[in-house]
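Enquirer: Contents of input28.cif (mmCIF, C-alpha atoms) are given next:
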```
data_upload
#
loop_
_atom_site.label_atom_id
_atom_site.label_comp_id
_atom_site.auth_asym_id
_atom_site.auth_seq_id
_atom_site.Cartn_x
_atom_site.Cartn_y
_atom_site.Cartn_z
CA MET A 10 193.56 96.66 121.06
CA ARG A 11 197.20 97.43 121.83
CA HIS A 12 197.09 97.29 125.62
CA ARG A 13 199.36 94.56 126.91
CA ASP A 14 198.03 94.59 130.47
CA PHE A 15 194.43 94.43 129.32
CA ARG A 16 195.23 91.51 127.04
CA LEU A 17 196.71 89.66 130.02
CA LEU A 18 193.60 90.43 132.10
CA TRP A 19 191.36 89.36 129.22
CA ALA A 20 193.23 86.07 128.81
CA GLY A 21 193.27 85.40 132.55
CA GLU A 22 189.58 86.22 132.93
CA SER A 23 188.69 84.07 129.91
CA ILE A 24 190.51 81.07 131.35
CA SER A 25 188.86 81.67 134.72
CA GLN A 26 185.40 81.87 133.13
CA ALA A 27 186.04 78.69 131.16
CA GLY A 28 187.18 76.91 134.31
CA SER A 29 184.09 78.04 136.21
CA ALA A 30 181.78 76.92 133.38
CA ALA A 31 183.49 73.51 133.20
CA THR A 32 183.28 73.11 136.98
CA ARG A 33 179.52 73.72 136.94
CA VAL A 34 179.18 70.68 134.66
CA MET A 35 181.86 68.41 136.14
CA LEU A 36 180.85 68.67 139.81
CA PRO A 37 177.31 67.34 139.26
CA LEU A 38 178.50 64.78 136.68
CA ILE A 39 180.97 63.34 139.19
CA ALA A 40 178.35 63.46 141.96
CA VAL A 41 175.91 61.48 139.81
CA GLY A 42 178.30 59.09 138.07
CA THR A 43 180.87 58.39 140.81
CA LEU A 44 179.04 59.04 144.09
CA HIS A 45 175.53 58.11 142.85
CA ALA A 46 174.13 61.22 144.51
CA SER A 47 170.37 61.62 144.95
CA SER A 48 168.35 64.48 143.47
CA MET A 49 168.27 66.18 146.87
CA THR A 50 172.05 65.91 147.21
CA MET A 51 172.43 67.43 143.74
CA SER A 52 170.18 70.31 144.77
CA VAL A 53 172.20 70.94 147.93
CA LEU A 54 175.40 70.87 145.85
CA ASN A 55 174.03 73.48 143.47
CA ALA A 56 172.77 75.58 146.39
CA ALA A 57 176.20 75.49 148.05
CA ALA A 58 177.85 77.00 144.96
CA TRP A 59 175.48 79.99 145.00
CA LEU A 60 174.96 80.45 148.74
CA PRO A 61 177.90 82.92 149.00
CA TRP A 62 175.96 85.37 146.83
CA LEU A 63 173.17 85.34 149.40
CA LEU A 64 175.54 85.65 152.36
CA ILE A 65 178.11 88.17 151.08
CA GLY A 66 176.77 89.38 147.74
CA LEU A 67 175.79 92.82 149.06
CA PRO A 68 178.99 93.85 150.86
CA ALA A 69 181.48 92.06 148.54
CA GLY A 70 181.61 94.93 146.03
CA ALA A 71 182.17 97.50 148.76
CA TRP A 72 184.88 95.35 150.36
CA VAL A 73 186.65 94.94 147.03
CA ASP A 74 186.54 98.72 146.55
CA ARG A 75 188.69 98.99 149.67
CA MET A 76 191.35 96.55 148.42
CA ARG A 77 193.68 96.40 145.44
CA ARG A 78 191.84 94.47 142.75
CA ARG A 79 194.64 92.47 141.08
CA PRO A 80 195.75 90.70 144.29
CA VAL A 81 192.11 89.84 144.99
CA MET A 82 191.76 88.20 141.56
CA ILE A 83 195.05 86.32 141.94
CA VAL A 84 194.09 84.96 145.35
CA CYS A 85 190.60 83.96 144.16
CA ASN A 86 191.88 82.00 141.18
CA ALA A 87 194.69 80.41 143.22
CA VAL A 88 192.12 79.25 145.80
CA SER A 89 189.85 77.86 143.07
CA GLY A 90 192.76 76.03 141.46
CA VAL A 91 193.88 74.42 144.72
CA LEU A 92 190.31 73.38 145.56
CA LEU A 93 189.83 71.64 142.22
CA LEU A 94 193.22 69.95 142.43
CA SER A 95 192.16 68.62 145.85
CA VAL A 96 189.14 66.99 144.19
CA ALA A 97 191.42 65.39 141.59
CA ALA A 98 193.74 64.12 144.34
CA ALA A 99 190.85 62.71 146.39
CA ALA A 100 189.43 60.96 143.32
CA TRP A 101 192.88 59.48 142.52
CA LEU A 102 193.12 58.15 146.09
CA ASP A 103 189.53 56.85 145.86
CA ALA A 104 188.63 59.08 148.82
CA LEU A 105 186.23 61.51 147.15
CA SER A 106 183.05 62.24 149.11
CA ALA A 107 179.90 64.31 148.72
CA GLY A 108 181.01 66.39 151.71
CA GLN A 109 184.21 67.42 149.93
CA LEU A 110 182.28 68.36 146.79
CA LEU A 111 179.92 70.51 148.89
CA LEU A 112 182.85 72.28 150.56
CA VAL A 113 184.60 72.84 147.23
CA ALA A 114 181.38 74.19 145.68
CA ALA A 115 180.85 76.66 148.55
CA LEU A 116 184.46 77.88 148.72
CA SER A 117 184.89 78.20 144.95
CA GLY A 118 181.55 80.04 144.84
CA THR A 119 182.88 82.48 147.43
CA ALA A 120 186.02 83.01 145.36
CA ASP A 121 183.84 83.64 142.31
CA VAL A 122 181.89 86.38 144.13
CA PHE A 123 185.07 88.31 144.89
CA PHE A 124 186.68 87.62 141.52
CA ARG A 125 183.69 89.00 139.58
CA ALA A 126 183.55 92.13 141.74
CA ALA A 127 187.29 92.73 141.40
CA TYR A 128 187.81 92.16 137.69
CA SER A 129 184.87 94.33 136.59
CA ALA A 130 186.19 97.16 138.77
CA TYR A 131 189.78 96.63 137.57
CA VAL A 132 189.13 97.21 133.85
CA PRO A 133 188.99 101.05 134.13
CA ALA A 134 192.47 100.96 135.69
CA LEU A 135 193.87 99.36 132.52
CA LEU A 136 192.02 101.15 129.74
CA PRO A 137 191.39 104.78 128.81
CA ARG A 138 187.78 105.85 128.94
CA GLU A 139 187.32 105.76 125.16
CA ASP A 140 188.32 102.07 125.03
CA LEU A 141 186.12 100.86 127.89
CA ALA A 142 183.17 99.86 125.71
CA ASP A 143 185.40 97.83 123.41
CA GLY A 144 187.16 96.21 126.36
CA ASN A 145 183.93 95.25 128.12
CA ALA A 146 182.57 93.82 124.87
CA LYS A 147 185.64 91.58 124.61
CA LEU A 148 185.19 90.40 128.19
CA GLU A 149 181.51 89.61 127.60
CA THR A 150 182.33 87.78 124.36
CA SER A 151 184.87 85.57 126.12
CA ALA A 152 182.35 84.83 128.88
CA SER A 153 179.76 83.77 126.29
CA ALA A 154 182.35 81.66 124.47
CA ALA A 155 183.26 79.96 127.77
CA ASP A 156 179.62 79.07 128.38
CA VAL A 157 179.46 77.45 124.94
CA VAL A 158 182.80 75.60 124.81
CA ALA A 159 183.66 74.74 128.43
CA PRO A 160 180.62 72.59 129.34
CA SER A 161 181.16 70.19 126.43
CA ALA A 162 184.89 70.08 127.18
CA GLY A 163 184.16 69.35 130.85
CA GLY A 164 181.75 66.56 129.94
CA ALA A 165 184.25 65.05 127.52
CA LEU A 166 187.04 65.18 130.14
CA VAL A 167 184.89 63.40 132.71
CA GLN A 168 183.83 60.77 130.19
CA ALA A 169 187.41 60.20 128.97
CA GLY A 170 189.37 60.26 132.21
CA GLY A 171 186.91 60.49 135.08
CA ALA A 172 187.19 62.89 137.99
CA VAL A 173 190.99 62.75 138.24
CA PHE A 174 191.71 63.95 134.71
CA GLY A 175 188.79 66.41 134.53
CA PHE A 176 189.53 68.23 137.77
CA LEU A 177 193.29 68.13 137.22
CA ALA A 178 192.84 69.99 133.94
CA ASP A 179 190.33 72.39 135.51
CA GLY A 180 192.57 73.17 138.49
CA LEU A 181 195.57 73.80 136.23
CA SER A 182 193.49 76.21 134.12
CA PHE A 183 192.92 78.42 137.18
CA LEU A 184 196.63 78.35 138.01
CA ALA A 185 197.40 79.36 134.41
CA SER A 186 195.08 82.33 134.90
CA VAL A 187 197.01 83.24 138.06
CA LEU A 188 200.26 83.23 136.07
CA LEU A 189 198.82 85.60 133.47
CA LEU A 190 197.46 88.00 136.09
CA THR A 191 200.82 88.17 137.89
CA ARG A 192 202.42 89.46 134.68
CA ILE A 193 200.28 92.63 134.62
CA ARG A 194 202.57 95.60 135.16
CA ALA A 195 200.05 98.43 135.66
CA GLN A 196 200.21 99.98 139.11
CA GLU A 197 196.94 100.48 140.93
CA GLY A 198 196.26 103.59 142.90
CA PRO A 199 195.26 103.48 146.58
CA PRO A 200 192.26 101.20 147.23
CA GLY A 201 189.04 103.03 146.51
CA GLY A 202 190.83 106.03 144.98
CA GLU A 203 190.33 108.66 147.61
CA ARG A 204 190.31 107.51 151.22
CA ARG A 205 186.92 106.06 152.12
CA ARG A 206 185.29 106.12 155.53
CA THR A 207 184.61 102.58 156.69
CA PRO A 208 181.41 103.43 158.60
CA ALA A 209 179.80 104.57 155.32
CA LEU A 210 179.42 100.99 154.06
CA GLY A 211 176.09 100.27 155.77
CA PRO A 212 174.33 103.50 154.77
CA GLU A 213 175.57 103.12 151.17
CA ILE A 214 174.11 99.63 150.92
CA ARG A 215 170.79 100.77 152.41
CA GLU A 216 170.60 103.70 150.01
CA GLY A 217 170.97 101.40 146.98
CA LEU A 218 168.35 98.99 148.32
CA ALA A 219 165.93 101.83 149.09
CA PHE A 220 166.19 103.26 145.56
CA LEU A 221 165.56 99.80 144.11
CA VAL A 222 162.50 99.18 146.27
CA ARG A 223 160.93 102.60 145.65
CA ASP A 224 161.29 102.72 141.86
CA PRO A 225 158.30 101.01 140.14
CA PHE A 226 160.20 100.05 136.95
CA LEU A 227 163.20 98.52 138.74
CA ARG A 228 161.02 96.86 141.38
CA THR A 229 158.60 95.27 138.89
CA ILE A 230 161.32 93.91 136.60
CA LEU A 231 163.36 92.60 139.51
CA LEU A 232 160.34 90.84 141.02
CA CYS A 233 159.71 89.03 137.73
CA ASP A 234 163.39 88.17 137.20
CA ALA A 235 163.82 86.93 140.77
CA GLY A 236 160.78 84.69 140.45
CA MET A 237 162.08 83.22 137.21
CA ASN A 238 165.51 82.73 138.74
CA LEU A 239 163.99 80.88 141.68
CA PHE A 240 162.30 78.27 139.47
CA LEU A 241 165.15 78.04 136.95
CA ALA A 242 167.61 77.39 139.79
CA GLY A 243 165.57 74.31 140.63
CA THR A 244 165.71 73.13 137.02
CA GLN A 245 169.46 73.77 136.91
CA ALA A 246 169.98 71.61 139.99
CA LEU A 247 168.04 68.73 138.42
CA ALA A 248 169.00 69.03 134.74
CA ILE A 249 172.11 66.82 134.75
CA VAL A 250 170.71 64.15 137.07
CA PHE A 251 167.53 64.11 134.92
CA LEU A 252 169.49 63.69 131.69
CA SER A 253 171.90 61.16 133.17
CA ARG A 254 169.66 59.02 135.35
CA THR A 255 166.13 59.41 133.99
CA VAL A 256 166.85 59.83 130.26
CA GLY A 257 170.09 57.79 130.18
CA VAL A 258 172.42 60.26 128.41
CA ASP A 259 176.21 59.84 128.72
CA SER A 260 178.53 62.56 130.08
CA GLY A 261 179.93 63.63 126.71
CA THR A 262 176.49 64.09 125.16
CA ILE A 263 175.32 66.07 128.19
CA GLY A 264 178.26 68.45 127.73
CA VAL A 265 177.42 68.88 124.04
CA LEU A 266 173.76 69.58 124.83
CA ILE A 267 174.66 72.24 127.39
CA ALA A 268 177.11 73.83 124.95
CA LEU A 269 174.45 73.99 122.22
CA VAL A 270 172.05 75.58 124.69
CA GLY A 271 174.78 78.18 125.30
CA LEU A 272 174.54 79.08 121.61
CA GLY A 273 170.93 80.05 122.29
CA GLY A 274 172.17 82.60 124.80
CA ALA A 275 174.64 83.97 122.26
CA LEU A 276 171.83 84.27 119.72
CA GLY A 277 169.69 86.11 122.25
CA ALA A 278 172.48 88.64 122.82
CA LEU A 279 172.80 89.22 119.08
CA VAL A 280 169.08 89.77 118.39
CA SER A 281 168.33 91.87 121.48
CA PRO A 282 169.14 95.23 119.79
CA LEU A 283 166.90 94.28 116.85
CA LEU A 284 164.04 93.39 119.21
CA ALA A 285 164.44 96.68 121.07
CA ARG A 286 164.41 98.72 117.84
CA THR A 287 161.50 96.83 116.32
CA PHE A 288 159.12 96.58 119.27
CA GLY A 289 160.47 99.15 121.74
CA THR A 290 162.40 98.23 124.87
CA ALA A 291 159.38 97.78 127.16
CA ARG A 292 157.47 95.62 124.68
CA ALA A 293 160.61 93.61 123.92
CA VAL A 294 160.98 92.78 127.62
CA LEU A 295 157.34 91.61 127.70
CA LEU A 296 157.86 89.61 124.49
CA CYS A 297 160.92 87.80 125.87
CA ALA A 298 159.21 87.03 129.18
CA PHE A 299 155.93 85.72 127.76
CA CYS A 300 157.28 83.91 124.68
CA GLY A 301 160.35 82.31 126.26
CA GLY A 302 158.79 80.63 129.29
CA PRO A 303 156.48 78.20 127.41
CA PHE A 304 159.47 76.69 125.58
CA GLY A 305 160.69 75.36 128.93
CA LEU A 306 157.68 73.04 129.00
CA LEU A 307 159.27 71.03 126.19
CA ILE A 308 162.14 69.95 128.46
CA PRO A 309 160.21 67.49 130.70
CA LEU A 310 159.14 65.72 127.46
CA THR A 311 162.78 64.72 126.80
CA THR A 312 163.53 61.07 126.03
CA ASP A 313 166.64 59.30 124.76
CA GLY A 314 167.60 59.35 121.07
CA ALA A 315 165.47 61.66 118.93
CA GLY A 316 163.62 62.76 122.06
CA LEU A 317 166.69 64.84 123.04
CA VAL A 318 165.46 67.39 120.50
CA ALA A 319 162.79 68.41 123.02
CA PHE A 320 165.51 69.32 125.54
CA LEU A 321 167.64 71.09 122.94
CA VAL A 322 164.85 73.16 121.39
CA GLY A 323 163.22 73.99 124.71
CA ASP A 324 166.38 75.05 126.54
CA PHE A 325 167.87 76.77 123.45
CA CYS A 326 164.82 79.00 122.95
CA LEU A 327 164.39 79.60 126.66
CA SER A 328 168.05 80.65 126.98
CA ALA A 329 167.80 82.93 123.93
CA SER A 330 164.77 84.74 125.37
CA ILE A 331 166.34 85.08 128.83
CA VAL A 332 169.60 86.53 127.52
CA ALA A 333 167.85 88.85 125.05
CA GLY A 334 165.65 90.20 127.83
CA ASN A 335 168.59 90.56 130.20
CA VAL A 336 170.63 92.57 127.69
CA ILE A 337 167.75 95.01 127.23
CA ILE A 338 167.13 95.25 130.99
CA VAL A 339 170.80 95.82 131.87
CA SER A 340 171.08 98.55 129.22
CA PHE A 341 167.93 100.16 130.64
CA ARG A 342 169.37 100.16 134.17
CA GLN A 343 172.65 101.70 133.02
CA ALA A 344 170.80 104.55 131.30
CA TYR A 345 168.12 104.97 133.97
CA CYS A 346 169.88 104.74 137.33
CA PRO A 347 171.85 107.68 138.78
CA PRO A 348 175.54 107.07 137.84
CA GLY A 349 176.70 107.60 141.41
CA MET A 350 174.37 104.83 142.65
CA LEU A 351 174.66 102.35 139.79
CA GLY A 352 177.22 100.16 141.56
CA ARG A 353 175.14 99.89 144.72
CA ILE A 354 171.91 99.27 142.80
CA SER A 355 173.62 96.60 140.66
CA SER A 356 175.00 94.96 143.80
CA SER A 357 171.53 94.92 145.35
CA ILE A 358 170.06 93.37 142.21
CA ARG A 359 172.75 90.66 142.10
CA PHE A 360 172.09 89.95 145.78
CA VAL A 361 168.40 89.34 145.10
CA MET A 362 168.92 87.47 141.82
CA TYR A 363 171.72 85.18 142.94
CA GLY A 364 170.24 84.87 146.43
CA THR A 365 167.22 83.05 144.98
CA VAL A 366 169.45 80.34 143.49
CA PRO A 367 170.17 78.33 146.67
CA VAL A 368 166.50 78.56 147.67
CA GLY A 369 165.37 77.42 144.22
CA SER A 370 167.92 74.60 144.19
CA LEU A 371 166.57 73.22 147.45
CA LEU A 372 163.02 73.62 146.16
CA GLY A 373 163.94 71.55 143.10
CA GLY A 374 165.44 68.83 145.28
CA ALA A 375 162.39 68.73 147.54
CA LEU A 376 160.04 68.45 144.57
CA ALA A 377 162.13 65.69 142.96
CA THR A 378 162.18 63.76 146.24
CA ALA A 379 158.42 64.07 146.71
CA LEU A 380 157.49 63.47 143.06
CA SER A 381 160.14 62.48 140.49
CA ASP A 382 162.77 64.36 138.49
CA ARG A 383 160.49 64.64 135.47
CA ASP A 384 157.41 65.72 137.46
CA ALA A 385 159.52 68.24 139.40
CA LEU A 386 160.65 69.79 136.10
CA TRP A 387 157.01 70.12 135.02
CA VAL A 388 156.24 72.11 138.18
CA LEU A 389 159.37 74.27 137.95
CA TYR A 390 159.08 75.17 134.26
CA THR A 391 155.39 75.95 134.71
CA GLY A 392 156.25 78.27 137.60
CA ASN A 393 158.91 79.96 135.47
CA ALA A 394 156.45 80.59 132.64
CA LEU A 395 153.84 82.05 135.00
CA CYS A 396 156.34 84.55 136.45
CA ALA A 397 155.92 86.67 133.30
CA LEU A 398 152.54 87.70 134.75
CA LEU A 399 154.41 89.63 137.46
CA LEU A 400 155.26 92.28 134.86
CA LEU A 401 151.62 93.16 134.25
CA PRO A 402 150.75 95.05 137.49
CA GLY A 403 153.66 97.47 137.01
CA PRO A 404 154.21 100.36 134.57
CA VAL A 405 156.07 98.27 131.96
CA ARG A 406 152.89 96.99 130.26
CA ASN A 407 151.65 100.51 129.48
CA ARG A 408 154.75 101.69 127.62
CA LYS A 409 156.49 101.03 124.34
CA GLU A 410 159.86 102.24 125.58
CA LEU A 411 161.45 102.00 129.03
CA PRO A 412 162.55 105.37 130.45
CA VAL A 413 166.17 106.44 130.03
CA GLY A 414 166.56 108.84 132.93
#
```
Would you mind writing the structure in this file as structure tokens?
Expert:
Amino acid sequence: MRHRDFRLLWAGESISQAGSAATRVMLPLIAVGTLHASSMTMSVLNAAAWLPWLLIGLPAGAWVDRMRRRPVMIVCNAVSGVLLLSVAAAAWLDALSAGQLLLVAALSGTADVFFRAAYSAYVPALLPREDLADGNAKLETSASAADVVAPSAGGALVQAGGAVFGFLADGLSFLASVLLLTRIRAQEGPPGGERRRTPALGPEIREGLAFLVRDPFLRTILLCDAGMNLFLAGTQALAIVFLSRTVGVDSGTIGVLIALVGLGGALGALVSPLLARTFGTARAVLLCAFCGGPFGLLIPLTTDGAGLVAFLVGDFCLSASIVAGNVIIVSFRQAYCPPGMLGRISSSIRFVMYGTVPVGSLLGGALATALSDRDALWVLYTGNALCALLLLPGPVRNRKELPVG
């Protein structure tokens, strides 16, 4: 694609995604290895990173629509870079604390909310309409690649040089993204295109929420997805402390395992069109939900050595089914929802989905404190598998294909 400005955005966004993916691994690794954090502390740390989606997820998109997008992205990545460099500096001075990690997780999570809203809305300003599909595909590919490569790189950095080296490299990656974004020459029009009326923000948000609640297809699928997200957030909060402390896996191996699990997500994205054509979109969603969840029950069986295969196979297959189902569901929403409301409906869905993460993280920590990390994972993965039943009362189970309008 011969669009210089888009290539700069693509490169900057790719570096930002890689930095975010590495941070999600390095923060808990440092908390476990350096600060000897408890399972509950790990859950609070994970909750802090996602709490901004619950607090500002709904209005963030509307706020970004009223600002120029490129400056928003530059500021977000600059803030993330400075925050991570502060962690490296504190670790170098032997002054790193759990409180600082919590603050960094919350503030970088807030920056991520605004960055995601801004960059997705900025792409149409750089590309003609006929190139949008190709451009979005490139952005999604780089995001998937970041999820595969960055976790193992983050784990290796922590293992090789500790918190100082890992967070120094991560912070510099965000500043490199800032440099690329500042080189974009395209001029944005006035924020929001035509002048918007500020008082319309509240009614617009309520309209999107109301459509989502009333529609039986959207409501049923969202209820199932939100339930799964709740339980999986708990497993995400405990996964690294479980592998590190209970199983006894080193930081580098943990990064490799997480990267291999990311390949499962990439596989799910690739096979999702085949599943939709073969079984129909509605049946494919049911297939992914009911067949993927039971694989999660392999993960609490993980032990060191050959027993790591249980974690790898369980999380790989679970990730493949989740991503395959999500691709089909997102395509359904894009074809089904009124175009003029798609942004508000998508914002409402992200608010619900990401809003369950801090709640689920705290649930995971509470279960691990009351039981053990392994027993907590049994409860959480069982709950995730049972959430597939939430699809049965709705209209999805009676159809082969989801509606397209």
Enquirer: Using only C-alpha atoms - which residues lie no farther than 12 Å from the point (189.9, 74.8, 139.2) in the file's frame? Write them as a PyMOL selection string.
Expert: chain A and resi 24-33+35-36+85-97+113-114+116-118+120-121+163+174-187
Enquirer: Please measure the separation of CA of Ala242 in chain A and CA of Val366 in chain A, giving the value in Å to one decimal.
Expert: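 These atoms are spaced 5.1 Å apart.
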Enquirer: Taking only C-alpha atoms into account, which of A:Ala319, A:Ala107, A:Leu232, A:Leu38 comes nearest Cys396 in chain A?
Expert: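 Under the stated criterion, the closest residue is A:Leu232.
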Enquirer: Any idea what the distance is between CA of Arg125 in chain A and CA of Val73 in chain A?
Expert: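 Separation of CA of Arg125 in chain A and CA of Val73 in chain A: 10.0 Å.
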Enquirer: Give me the residues near range 272-280 of chain A as a list in words, where near means some atom within 7 Å (using only C-alpha atoms) and where sequence neighbours in that chain fewer than 3 positions away do not count.
Expert: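 Counting only C-alpha atoms, the residues come to Ser153, Val157, Ala268, Leu269, Leu283, Leu284, Phe325, Cys326, Ser328, Ala329, Ser330, Val332, Ala333 and Val336 of chain A.
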Enquirer: Pick from A:Leu389, A:Val34, A:Ala20, A:Val405: nearest to Val265 in chain A, with all atoms listed in the file counted?
Expert: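 Using all atoms listed in the file, Val265 in chain A sits closest to A:Val34.
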Enquirer: Show which residues sit within 12 Å of Pro282 in chain A, as JSON, numbers by chain. Count all atoms listed in the file, and ignore same-chain residues fewer than 5 positions away.
Expert: {"A": [276, 277, 287, 288, 289, 290, 293, 294, 332, 333, 334, 335, 336, 337, 338, 340, 341]}
Enquirer: In Å, with one decimal, what is the gap from CA of Pro133 in chain A to CA of Glu197 in chain A?
Expert: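 Result for CA of Pro133 in chain A versus CA of Glu197 in chain A: 10.5 Å, one decimal.
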Enquirer: Write out as a PyMOL selection string which residues come within 12 Å of Val81 in chain A when counting only C-alpha atoms, dropping same-chain ones fewer than 2 positions away.
Expert: chain A and resi 69-70+72-79+83-88+120-131+187+190-191+200
Enquirer: Could you name the residues that touch Leu321 in chain A at 10 Å or less, counting only C-alpha atoms, but leaving out those on the same chain fewer than 5 positions away, as a list in words?
Expert: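 Using only C-alpha atoms, the neighbours found are Leu266, Ile267, Leu269, Val270, Gly273, Leu307, Ile308, Thr311, Gly316, Cys326 and Leu327 of chain A.
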Enquirer: Neighbouring residues of Ala58 in chain A were defined as those with any atom within 7 Å, considering all atoms listed in the file; residues of the same chain fewer than 2 positions away were excluded. Please report them as a ChimeraX atom specification.
Expert: /A:54-56,60,114-115,118
Enquirer: Which is closest to Ile214 in chain A among A:Val368, A:Thr50, A:Asp382, A:Ser355, if we use only C-alpha atoms?
Expert: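 Counting only C-alpha atoms, the residue closest to Ile214 in chain A is A:Ser355.
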Enquirer: Would you mind telling me which residue in A:Leu398, A:Leu317, A:Ala375, A:Ala219 lies nearest to Ser253 in chain A when using only C-alpha atoms?
Expert: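 That would be A:Leu317, the residue with the smallest distance to Ser253 in chain A.
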Enquirer: Evaluate the PyMOL selection byres ((chain A and resi 374) around 9) here and jot the selected residues down as a list in words.
Expert: Ser47, Ser48, Met49, Thr50, Met51, Ser52, Val53, Gly243, Ala246, Leu247, Gly369, Ser370, Leu371, Leu372, Gly373, Ala375, Leu376, Ala377, Thr378, Ala379, Asp382 and Ala385 of chain A
Enquirer: Name the residues captured by the PyMOL selection byres ((chain A and resi 103) around 12) when it is applied to the shown file; answer as a VMD selection string.
Expert: chain A and resid 43 to 44 96 to 102 104 to 106 171 to 173
Enquirer: As a PDB file, in the frame of the given file, could you write out range 52-67 of chain A once it has been completed with N, CA and C atoms?
Expert:
```pdb
ATOM      1  N   SER A  52     170.732  68.982 144.512  1.00  0.00           N
ATOM      2  CA  SER A  52     170.180  70.310 144.770  1.00  0.00           C
ATOM      3  C   SER A  52     170.983  71.045 145.837  1.00  0.00           C
ATOM      4  N   VAL A  53     171.375  70.329 146.888  1.00  0.00           N
ATOM      5  CA  VAL A  53     172.200  70.940 147.930  1.00  0.00           C
ATOM      6  C   VAL A  53     173.556  71.356 147.373  1.00  0.00           C
ATOM      7  N   LEU A  54     174.119  70.538 146.483  1.00  0.00           N
ATOM      8  CA  LEU A  54     175.400  70.870 145.850  1.00  0.00           C
ATOM      9  C   LEU A  54     175.290  72.146 145.039  1.00  0.00           C
ATOM     10  N   ASN A  55     174.232  72.271 144.255  1.00  0.00           N
ATOM     11  CA  ASN A  55     174.030  73.480 143.470  1.00  0.00           C
ATOM     12  C   ASN A  55     173.795  74.689 144.370  1.00  0.00           C
ATOM     13  N   ALA A  56     173.037  74.481 145.454  1.00  0.00           N
ATOM     14  CA  ALA A  56     172.770  75.580 146.390  1.00  0.00           C
ATOM     15  C   ALA A  56     174.056  76.059 147.046  1.00  0.00           C
ATOM     16  N   ALA A  57     174.951  75.125 147.379  1.00  0.00           N
ATOM     17  CA  ALA A  57     176.200  75.490 148.050  1.00  0.00           C
ATOM     18  C   ALA A  57     177.055  76.401 147.182  1.00  0.00           C
ATOM     19  N   ALA A  58     177.031  76.183 145.865  1.00  0.00           N
ATOM     20  CA  ALA A  58     177.850  77.000 144.960  1.00  0.00           C
ATOM     21  C   ALA A  58     177.356  78.443 144.892  1.00  0.00           C
ATOM     22  N   TRP A  59     176.050  78.646 145.123  1.00  0.00           N
ATOM     23  CA  TRP A  59     175.480  79.990 145.000  1.00  0.00           C
ATOM     24  C   TRP A  59     175.165  80.640 146.342  1.00  0.00           C
ATOM     25  N   LEU A  60     175.252  79.891 147.422  1.00  0.00           N
ATOM     26  CA  LEU A  60     174.960  80.450 148.740  1.00  0.00           C
ATOM     27  C   LEU A  60     175.815  81.666 149.084  1.00  0.00           C
ATOM     28  N   PRO A  61     177.101  81.719 148.687  1.00  0.00           N
ATOM     29  CA  PRO A  61     177.900  82.920 149.000  1.00  0.00           C
ATOM     30  C   PRO A  61     177.299  84.211 148.458  1.00  0.00           C
ATOM     31  N   TRP A  62     176.592  84.144 147.332  1.00  0.00           N
ATOM     32  CA  TRP A  62     175.960  85.370 146.830  1.00  0.00           C
ATOM     33  C   TRP A  62     174.889  85.867 147.786  1.00  0.00           C
ATOM     34  N   LEU A  63     174.202  84.953 148.441  1.00  0.00           N
ATOM     35  CA  LEU A  63     173.170  85.340 149.400  1.00  0.00           C
ATOM     36  C   LEU A  63     173.794  85.868 150.685  1.00  0.00           C
ATOM     37  N   LEU A  64     174.920  85.291 151.087  1.00  0.00           N
ATOM     38  CA  LEU A  64     175.540  85.650 152.360  1.00  0.00           C
ATOM     39  C   LEU A  64     176.391  86.907 152.263  1.00  0.00           C
ATOM     40  N   ILE A  65     177.162  87.049 151.184  1.00  0.00           N
ATOM     41  CA  ILE A  65     178.110  88.170 151.080  1.00  0.00           C
ATOM     42  C   ILE A  65     177.971  88.963 149.793  1.00  0.00           C
ATOM     43  N   GLY A  66     176.910  88.688 149.018  1.00  0.00           N
ATOM     44  CA  GLY A  66     176.770  89.380 147.740  1.00  0.00           C
ATOM     45  C   GLY A  66     176.662  90.890 147.868  1.00  0.00           C
ATOM     46  N   LEU A  67     175.961  91.372 148.897  1.00  0.00           N
ATOM     47  CA  LEU A  67     175.790  92.820 149.060  1.00  0.00           C
ATOM     48  C   LEU A  67     177.093  93.530 149.433  1.00  0.00           C
TER      49      LEU A  67
END
```
